[in-house]
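Peer 1: Sharing model-v2.tsv here; it has TSV, C-alpha atoms and all ligand atoms.
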chain	number	residue	atom	x	y	z
A	73	MET	CA	-45.76	21.23	-33.07
A	74	TRP	CA	-43.02	18.74	-33.45
A	75	TRP	CA	-41.91	19.24	-37.00
A	76	VAL	CA	-41.42	22.98	-36.73
A	77	GLU	CA	-38.68	22.48	-34.24
A	78	THR	CA	-37.37	19.27	-35.70
A	79	ASP	CA	-36.94	21.18	-38.91
A	80	TYR	CA	-34.91	23.80	-37.14
A	81	TYR	CA	-32.68	21.46	-35.19
A	82	ILE	CA	-31.89	18.83	-37.76
A	83	PHE	CA	-31.21	21.13	-40.64
A	84	ALA	CA	-29.26	23.64	-38.69
A	85	ILE	CA	-26.86	20.82	-37.95
A	86	TYR	CA	-26.72	18.83	-41.13
A	87	LEU	CA	-27.45	21.04	-44.12
A	88	ASN	CA	-23.82	21.77	-44.85
A	89	ASP	CA	-22.49	18.30	-44.29
A	90	SER	CA	-20.65	17.20	-47.44
A	91	ARG	CA	-21.96	13.66	-47.10
A	92	LEU	CA	-25.39	14.96	-48.10
A	93	THR	CA	-24.14	16.56	-51.27
A	94	GLN	CA	-22.55	13.32	-52.47
A	95	PRO	CA	-25.41	11.26	-53.91
A	96	ASN	CA	-25.49	7.67	-52.89
A	97	THR	CA	-25.11	6.26	-56.41
A	98	LYS	CA	-24.04	2.78	-55.37
A	99	LEU	CA	-27.38	1.94	-53.80
A	100	LYS	CA	-29.03	-1.24	-54.99
A	101	PRO	CA	-32.66	-2.30	-54.64
A	102	ASN	CA	-33.46	-3.89	-51.28
A	103	LYS	CA	-30.64	-1.91	-49.84
A	104	ILE	CA	-29.42	-2.04	-46.33
A	105	MET	CA	-27.79	1.35	-46.66
A	106	TYR	CA	-29.54	4.69	-46.20
A	107	ASP	CA	-28.71	8.36	-45.90
A	108	PHE	CA	-30.87	8.70	-42.78
A	109	ALA	CA	-31.95	6.13	-40.24
A	110	VAL	CA	-34.44	7.44	-37.70
A	111	ILE	CA	-34.75	5.26	-34.62
A	112	GLY	CA	-38.27	5.34	-33.14
A	113	GLY	CA	-41.74	5.51	-34.66
A	114	GLY	CA	-43.32	7.82	-32.09
A	115	ILE	CA	-44.40	11.36	-32.93
A	116	VAL	CA	-40.86	12.73	-32.68
A	117	GLY	CA	-39.32	10.13	-35.00
A	118	LEU	CA	-42.14	10.34	-37.53
A	119	SER	CA	-42.26	14.13	-37.67
A	120	THR	CA	-38.48	14.25	-37.97
A	121	ALA	CA	-38.53	11.72	-40.81
A	122	MET	CA	-41.36	13.54	-42.57
A	123	MET	CA	-39.42	16.81	-42.54
A	124	LEU	CA	-36.17	15.14	-43.59
A	125	GLY	CA	-38.04	13.67	-46.55
A	126	LYS	CA	-39.38	17.11	-47.49
A	127	LYS	CA	-36.01	18.85	-47.18
A	128	PHE	CA	-33.98	16.13	-48.85
A	129	PRO	CA	-36.30	14.46	-51.38
A	130	ASP	CA	-33.42	12.54	-52.99
A	131	ALA	CA	-32.07	11.13	-49.76
A	132	SER	CA	-32.92	7.56	-48.72
A	133	LEU	CA	-34.54	7.23	-45.33
A	134	VAL	CA	-35.67	4.48	-43.00
A	135	ILE	CA	-37.51	4.54	-39.70
A	136	ILE	CA	-36.62	1.68	-37.39
A	137	GLU	CA	-39.31	0.80	-34.87
A	138	LYS	CA	-39.19	-2.14	-32.49
A	139	GLU	CA	-42.99	-2.45	-32.22
A	140	SER	CA	-45.50	-3.56	-34.84
A	141	LYS	CA	-47.08	-0.12	-35.40
A	142	VAL	CA	-46.52	3.59	-34.96
A	143	ALA	CA	-47.27	5.51	-31.74
A	144	PHE	CA	-47.09	2.33	-29.65
A	145	HIS	CA	-45.56	3.94	-26.55
A	146	GLN	CA	-45.83	7.45	-25.05
A	147	THR	CA	-47.34	8.99	-28.16
A	148	GLY	CA	-50.24	6.56	-28.25
A	149	HIS	CA	-50.91	6.77	-24.52
A	150	ASN	CA	-50.82	10.46	-23.78
A	151	SER	CA	-53.72	12.73	-22.88
A	152	GLY	CA	-54.05	14.15	-26.36
A	153	VAL	CA	-53.62	17.75	-25.24
A	154	ILE	CA	-52.44	20.40	-27.68
A	155	HIS	CA	-50.56	22.56	-25.19
A	156	SER	CA	-50.69	26.35	-25.36
A	157	GLY	CA	-47.29	26.99	-23.75
A	158	ILE	CA	-48.69	29.02	-20.87
A	159	TYR	CA	-46.38	27.48	-18.28
A	160	TYR	CA	-43.12	28.29	-20.02
A	161	LYS	CA	-40.84	31.25	-19.39
A	162	PRO	CA	-41.89	34.13	-21.66
A	163	GLY	CA	-39.53	34.60	-24.59
A	164	SER	CA	-37.92	31.21	-24.04
A	165	PHE	CA	-37.39	28.80	-26.87
A	166	LYS	CA	-39.79	26.35	-25.28
A	167	ALA	CA	-42.56	28.97	-25.03
A	168	LYS	CA	-42.17	30.02	-28.68
A	169	PHE	CA	-41.85	26.41	-29.79
A	170	THR	CA	-45.05	25.38	-28.04
A	171	ARG	CA	-47.03	28.29	-29.43
A	172	ALA	CA	-45.86	27.71	-32.99
A	173	GLY	CA	-46.37	23.99	-32.55
A	174	SER	CA	-49.93	24.24	-31.27
A	175	GLN	CA	-50.84	26.33	-34.31
A	176	SER	CA	-49.16	24.00	-36.77
A	177	MET	CA	-50.71	20.93	-35.14
A	178	VAL	CA	-54.20	22.40	-35.50
A	179	GLU	CA	-53.46	23.30	-39.13
A	180	PHE	CA	-52.17	19.80	-39.81
A	181	CYS	CA	-55.30	18.24	-38.27
A	182	GLN	CA	-57.56	20.56	-40.29
A	183	LYS	CA	-55.71	19.84	-43.53
A	184	HIS	CA	-55.84	16.07	-43.09
A	185	ASP	CA	-59.22	15.76	-41.43
A	186	ILE	CA	-57.83	14.37	-38.18
A	187	PRO	CA	-60.12	14.50	-35.11
A	188	HIS	CA	-59.22	17.48	-32.94
A	189	GLU	CA	-60.92	20.25	-31.02
A	190	VAL	CA	-59.66	23.62	-29.84
A	191	CYS	CA	-61.80	23.44	-26.73
A	192	GLY	CA	-59.70	25.67	-24.45
A	193	LYS	CA	-58.62	24.86	-20.94
A	194	VAL	CA	-59.38	26.15	-17.45
A	195	ILE	CA	-56.76	26.34	-14.74
A	196	VAL	CA	-58.15	26.94	-11.26
A	197	ALA	CA	-57.13	27.79	-7.70
A	198	THR	CA	-59.00	25.79	-5.09
A	199	GLN	CA	-57.22	27.28	-2.04
A	200	GLU	CA	-56.28	30.82	-0.96
A	201	LYS	CA	-52.57	30.03	-1.18
A	202	GLU	CA	-52.95	29.12	-4.85
A	203	LEU	CA	-54.38	32.52	-5.83
A	204	PRO	CA	-51.01	34.33	-6.27
A	205	LEU	CA	-49.71	31.36	-8.26
A	206	LEU	CA	-52.72	31.54	-10.54
A	207	ASP	CA	-52.15	35.26	-10.96
A	208	ASN	CA	-48.50	34.62	-11.91
A	209	LEU	CA	-49.66	32.12	-14.47
A	210	TYR	CA	-52.11	34.63	-15.90
A	211	GLN	CA	-49.32	37.23	-16.27
A	212	ARG	CA	-47.10	34.61	-17.85
A	213	GLY	CA	-49.86	33.77	-20.33
A	214	LEU	CA	-50.17	37.45	-21.31
A	215	GLU	CA	-46.39	37.79	-21.70
A	216	ASN	CA	-46.45	34.70	-23.87
A	217	GLY	CA	-48.93	36.42	-26.17
A	218	LEU	CA	-51.85	34.15	-25.28
A	219	GLN	CA	-55.44	35.40	-25.12
A	220	VAL	CA	-55.82	34.28	-21.49
A	221	LYS	CA	-58.77	35.52	-19.44
A	222	LYS	CA	-59.41	35.59	-15.70
A	223	ILE	CA	-62.76	34.02	-15.03
A	224	PRO	CA	-64.77	33.91	-11.79
A	225	PRO	CA	-65.88	30.59	-10.23
A	226	GLU	CA	-69.37	30.81	-11.75
A	227	ALA	CA	-67.88	31.16	-15.25
A	228	VAL	CA	-65.63	28.16	-14.55
A	229	LYS	CA	-68.77	26.23	-13.58
A	230	GLU	CA	-70.37	27.10	-16.91
A	231	LYS	CA	-67.45	25.42	-18.67
A	232	GLU	CA	-66.91	22.57	-16.19
A	233	PRO	CA	-69.94	22.19	-13.88
A	234	TYR	CA	-68.21	19.83	-11.46
A	235	VAL	CA	-65.32	22.15	-10.68
A	236	SER	CA	-65.49	24.18	-7.46
A	237	CYS	CA	-62.83	26.83	-7.16
A	238	LEU	CA	-61.96	30.30	-5.87
A	239	ALA	CA	-60.77	31.66	-9.22
A	240	GLY	CA	-59.84	30.49	-12.67
A	241	ILE	CA	-58.15	31.40	-15.89
A	242	TYR	CA	-59.25	30.36	-19.32
A	243	VAL	CA	-56.75	29.54	-22.07
A	244	PRO	CA	-58.66	29.45	-25.36
A	245	THR	CA	-55.90	28.03	-27.58
A	246	SER	CA	-55.44	24.72	-25.73
A	247	GLY	CA	-57.04	21.78	-27.42
A	248	ILE	CA	-57.06	18.07	-27.98
A	249	ALA	CA	-55.99	15.91	-30.94
A	250	ASP	CA	-55.93	12.26	-31.84
A	251	TYR	CA	-52.15	11.82	-31.90
A	252	LYS	CA	-52.35	8.20	-33.07
A	253	LYS	CA	-54.13	9.40	-36.20
A	254	VAL	CA	-51.63	12.26	-36.56
A	255	CYS	CA	-48.84	9.64	-36.54
A	256	GLU	CA	-50.61	7.39	-39.01
A	257	LYS	CA	-50.87	10.37	-41.36
A	258	TYR	CA	-47.17	11.20	-40.85
A	259	ALA	CA	-46.32	7.57	-41.72
A	260	GLU	CA	-48.44	7.75	-44.87
A	261	ILE	CA	-46.70	10.97	-45.97
A	262	ILE	CA	-43.25	9.49	-45.24
A	263	GLU	CA	-44.01	6.48	-47.44
A	264	GLN	CA	-45.39	8.70	-50.21
A	265	GLN	CA	-42.12	10.61	-50.07
A	266	GLY	CA	-40.22	7.36	-50.60
A	267	GLY	CA	-39.23	6.67	-46.99
A	268	GLU	CA	-39.41	3.21	-45.45
A	269	ILE	CA	-40.70	2.14	-42.07
A	270	ARG	CA	-39.37	-1.09	-40.62
A	271	PHE	CA	-41.51	-2.44	-37.82
A	272	ASN	CA	-40.59	-5.22	-35.38
A	273	THR	CA	-36.98	-4.14	-35.72
A	274	LYS	CA	-35.09	-3.33	-32.57
A	275	VAL	CA	-31.75	-1.53	-32.61
A	276	LEU	CA	-29.38	-3.59	-30.48
A	277	LYS	CA	-25.95	-2.10	-31.19
A	278	ILE	CA	-24.47	0.87	-33.01
A	279	ASN	CA	-21.00	0.73	-34.54
A	280	ASN	CA	-19.14	3.55	-36.24
A	281	SER	CA	-16.79	3.01	-39.14
A	282	ASN	CA	-15.57	5.22	-42.01
A	283	ASN	CA	-18.12	7.92	-41.31
A	284	TYR	CA	-20.98	5.43	-41.41
A	285	LYS	CA	-23.22	4.07	-38.70
A	286	PHE	CA	-23.76	0.32	-38.64
A	287	LEU	CA	-26.93	-0.55	-36.78
A	288	GLU	CA	-27.17	-4.07	-35.54
A	289	THR	CA	-30.88	-4.81	-35.31
A	290	SER	CA	-33.08	-7.78	-34.48
A	291	GLN	CA	-33.67	-8.07	-38.28
A	292	GLY	CA	-30.11	-7.74	-39.52
A	293	GLU	CA	-27.71	-4.89	-40.18
A	294	ILE	CA	-28.69	-1.43	-41.44
A	295	LYS	CA	-26.07	1.07	-42.54
A	296	ALA	CA	-26.65	4.83	-42.57
A	297	LYS	CA	-24.78	8.07	-43.02
A	298	PHE	CA	-26.76	9.66	-40.23
A	299	ILE	CA	-28.84	8.28	-37.44
A	300	ILE	CA	-31.39	10.33	-35.58
A	301	ASN	CA	-32.19	9.02	-32.16
A	302	CYS	CA	-35.92	9.45	-31.43
A	303	GLY	CA	-36.17	6.52	-29.06
A	304	GLY	CA	-38.32	8.28	-26.45
A	305	LEU	CA	-37.73	6.82	-23.03
A	306	TYR	CA	-34.85	4.77	-24.41
A	307	SER	CA	-33.09	7.65	-26.11
A	308	ASP	CA	-30.44	7.94	-23.37
A	309	ARG	CA	-29.58	4.25	-23.71
A	310	LEU	CA	-29.51	4.48	-27.50
A	311	ALA	CA	-27.11	7.42	-27.23
A	312	GLN	CA	-24.88	5.29	-25.02
A	313	LEU	CA	-24.98	2.50	-27.60
A	314	ASP	CA	-23.53	5.06	-30.01
A	315	GLY	CA	-20.72	5.87	-27.60
A	316	VAL	CA	-22.21	9.20	-26.54
A	317	ASN	CA	-22.53	10.21	-22.93
A	318	PRO	CA	-25.75	12.24	-22.96
A	319	GLN	CA	-25.25	13.61	-19.40
A	320	ALA	CA	-29.03	13.56	-18.94
A	321	LYS	CA	-30.62	10.33	-17.80
A	322	ILE	CA	-34.26	9.40	-18.27
A	323	VAL	CA	-35.78	8.60	-14.90
A	324	PRO	CA	-39.33	7.28	-14.78
A	325	PHE	CA	-41.70	8.62	-12.14
A	326	ARG	CA	-45.34	8.21	-11.38
A	327	GLY	CA	-47.74	10.95	-12.45
A	328	GLU	CA	-51.43	11.13	-11.65
A	329	TYR	CA	-54.45	12.63	-13.24
A	330	TYR	CA	-58.15	12.10	-12.86
A	331	GLN	CA	-60.45	11.39	-15.75
A	332	LEU	CA	-64.08	12.43	-15.40
A	333	THR	CA	-66.59	9.60	-15.53
A	334	PRO	CA	-68.76	9.69	-18.70
A	335	GLU	CA	-71.88	10.85	-16.77
A	336	LYS	CA	-69.98	13.86	-15.43
A	337	THR	CA	-68.41	14.76	-18.74
A	338	LEU	CA	-71.17	17.08	-19.88
A	339	PHE	CA	-69.52	19.52	-22.20
A	340	SER	CA	-66.30	18.03	-23.31
A	341	GLN	CA	-65.84	14.44	-24.35
A	342	LYS	CA	-62.30	14.39	-23.07
A	343	SER	CA	-62.15	16.43	-19.87
A	344	HIS	CA	-59.46	15.50	-17.47
A	345	LEU	CA	-58.32	17.10	-14.26
A	346	SER	CA	-54.74	17.22	-13.23
A	347	ARG	CA	-52.96	18.62	-10.23
A	348	SER	CA	-49.48	19.99	-10.48
B	401	LIG	C1	-48.99	9.91	-19.48
B	401	LIG	C2	-48.49	10.93	-20.48
B	401	LIG	C3	-49.34	11.94	-20.89
B	401	LIG	C4	-48.87	12.90	-21.80
B	401	LIG	N1	-49.75	13.84	-22.25
B	401	LIG	C5	-49.37	14.68	-23.24
B	401	LIG	C6	-50.29	15.56	-23.83
B	401	LIG	O1	-51.46	15.57	-23.48
B	401	LIG	N2	-49.85	16.39	-24.81
B	401	LIG	C7	-48.55	16.38	-25.25
B	401	LIG	O2	-48.20	17.17	-26.16
B	401	LIG	N3	-47.64	15.53	-24.73
B	401	LIG	C8	-48.03	14.68	-23.75
B	401	LIG	N4	-47.13	13.79	-23.23
B	401	LIG	C9	-45.78	13.79	-23.77
B	401	LIG	C10	-45.75	13.14	-25.16
B	401	LIG	O3	-46.62	12.02	-25.22
B	401	LIG	C11	-44.32	12.71	-25.46
B	401	LIG	O4	-43.46	13.83	-25.32
B	401	LIG	C12	-44.20	12.18	-26.89
B	401	LIG	O5	-45.16	11.19	-27.17
B	401	LIG	C13	-42.80	11.62	-27.05
B	401	LIG	O6	-42.72	11.06	-28.32
B	401	LIG	P1	-41.47	10.22	-28.74
B	401	LIG	O7	-41.61	9.91	-30.18
B	401	LIG	O8	-40.24	10.94	-28.28
B	401	LIG	O9	-41.53	8.92	-27.82
B	401	LIG	P2	-42.40	7.58	-27.97
B	401	LIG	O10	-43.79	7.85	-28.41
B	401	LIG	O11	-42.22	6.84	-26.69
B	401	LIG	O12	-41.67	6.83	-29.16
B	401	LIG	C14	-40.38	6.28	-29.04
B	401	LIG	C15	-40.34	5.07	-29.94
B	401	LIG	O13	-39.01	4.57	-29.98
B	401	LIG	C16	-39.09	3.17	-30.09
B	401	LIG	N5	-37.81	2.61	-29.66
B	401	LIG	C17	-37.20	2.76	-28.46
B	401	LIG	N6	-36.04	2.07	-28.41
B	401	LIG	C18	-35.91	1.46	-29.62
B	401	LIG	C19	-34.94	0.60	-30.19
B	401	LIG	N7	-33.85	0.18	-29.50
B	401	LIG	N8	-35.13	0.15	-31.46
B	401	LIG	C20	-36.21	0.54	-32.19
B	401	LIG	N9	-37.18	1.35	-31.69
B	401	LIG	C21	-37.03	1.80	-30.42
B	401	LIG	C22	-40.24	2.80	-29.16
B	401	LIG	O14	-40.76	1.51	-29.45
B	401	LIG	C23	-41.21	3.93	-29.41
B	401	LIG	O15	-42.19	3.60	-30.38
B	401	LIG	C24	-47.55	12.84	-22.30
B	401	LIG	C25	-46.70	11.81	-21.88
B	401	LIG	C26	-47.16	10.86	-20.99
B	401	LIG	C27	-46.22	9.75	-20.58
As structure tokens, what does this structure read like?
Ligand SMILES: Cc1cc2nc3c(=O)[nH]c(=O)nc-3n(C[C@H](O)[C@H](O)[C@H](O)COP(=O)(O)OP(=O)(O)OC[C@H]3O[C@@H](n4cnc5c(N)ncnc54)[C@H](O)[C@@H]3O)c2cc1C
Peer 2:
Amino acid sequence: MWWVETDYYIFAIYLNDSRLTQPNTKLKPNKIMYDFAVIGGGIVGLSTAMMLGKKFPDASLVIIEKESKVAFHQTGHNSGVIHSGIYYKPGSFKAKFTRAGSQSMVEFCQKHDIPHEVCGKVIVATQEKELPLLDNLYQRGLENGLQVKKIPPEAVKEKEPYVSCLAGIYVPTSGIADYKKVCEKYAEIIEQQGGEIRFNTKVLKINNSNNYKFLETSQGEIKAKFIINCGGLYSDRLAQLDGVNPQAKIVPFRGEYYQLTPEKTLFSQKSHLSRS
């Protein structure tokens, strides 16, 4: 899911930059200078780095991660859902992105033998007032090209016996994946492509000089032609370190979902209920 779009964004911006067509011939072994420095070893940073490595095999690349392993933050603590894109506005970039991404994620997992399951998902209405909303969602699913089905309460019960509802819809393309393993595979591919990953290295300051970025890190200075900020929940602050005012600010808030106890998880090992 991630690399399809990363591919699009990064290369739309940088492909024609002359700095990429001038090989970095002055590089020495154990260099502190790179073509690309990707900040963040979550799924966004790793997938970005993997695609950069594929598109620019001769470019030097480093991932800078403040923790001791990949997927340490959001990526390693999420619910593992491969989203179908049903909620997004039909025809929107986000809707197309999610659909393409869910397919490519499943393909990636199949190719690399990563645990995943396209188990589908049920969305239900438990009150009368939710019925029109569920119907809207169904229409949206159809407009998004998904094979959604309306299913009656008894059919919902066949899939999830502990759910009581008035009506439901079934989205067959939703699934689950082990995103930590996906990231470990990305990291392996990046290293095979010649990229480096520096763990326990926190970016503290970013200075700009002569078209280069000088990253002051907890492990010394790293110089790069381009930096790609994939710092997750810190990406707004990292942008500020680079003198950019991102307008958007990351604001944490509490979300809640319920996980079924093992004895009630009859059909799916990873059922979870959420209310939104
Ligand atoms: C509770 C929860 C459940 C979710 N469930 C799902 C789901 O089921 N399916 C789904 O598709 N998405 C889900 N998401 C969203 C998804 O997990 C995130 O969109 C995705 O993991 C973001 O990846 P990332 O690489 O941008 O961020 P992260 O995984 O947070 O990675 C950012 C990395 O940047 C590093 N970093 C930050 N600052 C610095 C610095 N100064 N120097 C060096 N390194 C730095 C961090 O250490 C971190 O490793 C969920 C999110 C949450 C919070």
Peer 1: So what do you get for atom CA of Ser236 of chain A versus atom CA of Thr198 of chain A, distance-wise?
Peer 2: 7.1 Å
Peer 1: Quick one, how far is atom N4 of ligand LIG 401 (chain B) from atom CA of Asn150 of chain A?
Peer 2: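 Computing it gives 5.0 Å between the two atoms.
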Peer 1: Ranking A:Leu124, A:Val153, A:Ala227, A:Ala109 by minimum distance to ligand LIG 401 (chain B) and counting only C-alpha atoms and all ligand atoms, which one comes first?
Peer 2: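 Ranking A:Leu124, A:Val153, A:Ala227, A:Ala109 by distance to ligand LIG 401 (chain B), first place goes to A:Val153.
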Peer 1: Hey, could you pull the box centre and edge lengths for ligand LIG 401 (chain B), axis-aligned, 6 Å padding per side, all listed atoms, to one decimal in Å, as AutoDock Vina command-line options?
Peer 2:
--center_x -42.7 --center_y 8.7 --center_z -25.8 --size_x 29.6 --size_y 29.0 --size_z 24.7
Peer 1: Within 6 Å of ligand LIG 401 (chain B), which residues show up when you count only C-alpha atoms and all ligand atoms? List them as a ChimeraX atom specification, please.
Peer 2: /A:111-117,136-139,143-147,150-155,273-276,302-306
Peer 1: Filtering to C-alpha atoms, could you give me those residues as an mmCIF file, in the coordinates of the input?
Peer 2:
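Output (part_26.cif):
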data_model
loop_
_atom_site.group_PDB
_atom_site.id
_atom_site.type_symbol
_atom_site.label_atom_id
_atom_site.label_comp_id
_atom_site.auth_asym_id
_atom_site.auth_seq_id
_atom_site.Cartn_x
_atom_site.Cartn_y
_atom_site.Cartn_z
ATOM 1 C CA ILE A 111 -34.750 5.260 -34.620
ATOM 2 C CA GLY A 112 -38.270 5.340 -33.140
ATOM 3 C CA GLY A 113 -41.740 5.510 -34.660
ATOM 4 C CA GLY A 114 -43.320 7.820 -32.090
ATOM 5 C CA ILE A 115 -44.400 11.360 -32.930
ATOM 6 C CA VAL A 116 -40.860 12.730 -32.680
ATOM 7 C CA GLY A 117 -39.320 10.130 -35.000
ATOM 8 C CA ILE A 136 -36.620 1.680 -37.390
ATOM 9 C CA GLU A 137 -39.310 0.800 -34.870
ATOM 10 C CA LYS A 138 -39.190 -2.140 -32.490
ATOM 11 C CA GLU A 139 -42.990 -2.450 -32.220
ATOM 12 C CA ALA A 143 -47.270 5.510 -31.740
ATOM 13 C CA PHE A 144 -47.090 2.330 -29.650
ATOM 14 C CA HIS A 145 -45.560 3.940 -26.550
ATOM 15 C CA GLN A 146 -45.830 7.450 -25.050
ATOM 16 C CA THR A 147 -47.340 8.990 -28.160
ATOM 17 C CA ASN A 150 -50.820 10.460 -23.780
ATOM 18 C CA SER A 151 -53.720 12.730 -22.880
ATOM 19 C CA GLY A 152 -54.050 14.150 -26.360
ATOM 20 C CA VAL A 153 -53.620 17.750 -25.240
ATOM 21 C CA ILE A 154 -52.440 20.400 -27.680
ATOM 22 C CA HIS A 155 -50.560 22.560 -25.190
ATOM 23 C CA THR A 273 -36.980 -4.140 -35.720
ATOM 24 C CA LYS A 274 -35.090 -3.330 -32.570
ATOM 25 C CA VAL A 275 -31.750 -1.530 -32.610
ATOM 26 C CA LEU A 276 -29.380 -3.590 -30.480
ATOM 27 C CA CYS A 302 -35.920 9.450 -31.430
ATOM 28 C CA GLY A 303 -36.170 6.520 -29.060
ATOM 29 C CA GLY A 304 -38.320 8.280 -26.450
ATOM 30 C CA LEU A 305 -37.730 6.820 -23.030
ATOM 31 C CA TYR A 306 -34.850 4.770 -24.410
#
Peer 1: Pull the neighbourhood of (-55.1, 29.5, -20.3) for me: all residues within 9 Å in file coordinates, counting all atoms listed in the file, as a PDB file with C-alpha atoms, keeping the file's coordinate frame.
Peer 2:
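Result file is part_10.pdb:
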ATOM      1  CA  SER A 156     -50.690  26.350 -25.360  1.00  0.00           C
ATOM      2  CA  GLY A 157     -47.290  26.990 -23.750  1.00  0.00           C
ATOM      3  CA  ILE A 158     -48.690  29.020 -20.870  1.00  0.00           C
ATOM      4  CA  GLY A 192     -59.700  25.670 -24.450  1.00  0.00           C
ATOM      5  CA  LYS A 193     -58.620  24.860 -20.940  1.00  0.00           C
ATOM      6  CA  VAL A 194     -59.380  26.150 -17.450  1.00  0.00           C
ATOM      7  CA  ILE A 195     -56.760  26.340 -14.740  1.00  0.00           C
ATOM      8  CA  LEU A 209     -49.660  32.120 -14.470  1.00  0.00           C
ATOM      9  CA  TYR A 210     -52.110  34.630 -15.900  1.00  0.00           C
ATOM     10  CA  GLY A 213     -49.860  33.770 -20.330  1.00  0.00           C
ATOM     11  CA  LEU A 218     -51.850  34.150 -25.280  1.00  0.00           C
ATOM     12  CA  GLN A 219     -55.440  35.400 -25.120  1.00  0.00           C
ATOM     13  CA  VAL A 220     -55.820  34.280 -21.490  1.00  0.00           C
ATOM     14  CA  LYS A 221     -58.770  35.520 -19.440  1.00  0.00           C
ATOM     15  CA  LYS A 222     -59.410  35.590 -15.700  1.00  0.00           C
ATOM     16  CA  ILE A 241     -58.150  31.400 -15.890  1.00  0.00           C
ATOM     17  CA  TYR A 242     -59.250  30.360 -19.320  1.00  0.00           C
ATOM     18  CA  VAL A 243     -56.750  29.540 -22.070  1.00  0.00           C
ATOM     19  CA  PRO A 244     -58.660  29.450 -25.360  1.00  0.00           C
ATOM     20  CA  THR A 245     -55.900  28.030 -27.580  1.00  0.00           C
ATOM     21  CA  SER A 246     -55.440  24.720 -25.730  1.00  0.00           C
TER      22      SER A 246
END
Peer 1: Could you please determine the separation between atom CA of Ile135 of chain A and atom CA of Gly247 of chain A in Å, to one decimal place?
Peer 2: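 One can read the atom CA of Ile135 of chain A to atom CA of Gly247 of chain A distance as 28.8 Å.
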Peer 1: Could you check the closest approach to Gly125 of chain A for each of A:Gly267, A:Gln331, A:Ile104, A:Ala197 and tell me which residue wins, using only C-alpha atoms?
Peer 2: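 Checking each candidate against Gly125 of chain A, we get A:Gly267 as the closest.
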Peer 1: Considering only C-alpha atoms, can you say which of A:Met105, A:Met122, A:Ala311, A:Ala172 comes closest to Glu256 of chain A?
Peer 2: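 Distance minimum relative to Glu256 of chain A lands on A:Met122.
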Peer 1: Could you check which of A:Ser119, A:Asn216, A:His149, A:Val323 is closest to Cys255 of chain A, using all atoms listed in the file?
Peer 2: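 Answer, going by the shortest atom-to-atom distance: A:Ser119.
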Peer 1: Set the distance at 12 Å and use all atoms listed in the file: which residues neighbour Tyr160 of chain A once local chain neighbours fewer than 6 positions away are removed? I'd like the list as a list of chain:residue names.
Peer 2: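 With the cut-off at 12 Å, the set is A:Lys166, A:Ala167, A:Lys168, A:Phe169, A:Thr170, A:Arg171, A:Asn208, A:Leu209, A:Tyr210, A:Gln211, A:Arg212, A:Gly213, A:Leu214, A:Glu215, A:Asn216, A:Gly217, A:Leu218.
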Peer 1: Tell me which of A:Asp207, A:Gln319, A:Glu179, A:Val196 sits closest to Glu226 of chain A, counting all atoms listed in the file.
Peer 2: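 Among A:Asp207, A:Gln319, A:Glu179, A:Val196, it is A:Val196 that comes nearest to Glu226 of chain A.
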Peer 1: When you count only C-alpha atoms, which of these residues is closest to Glu232 of chain A: A:Ile300, A:Cys191, A:Leu287, A:Glu328?
Peer 2: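 With only C-alpha atoms as the atom set, the closest residue is A:Cys191.
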Peer 1: What lies within 12 Å of Asn279 of chain A using all atoms listed in the file, ignoring chain neighbours under 4 positions off, as a ChimeraX atom specification?
Peer 2: /A:275,283-289,293-297,299,310-316
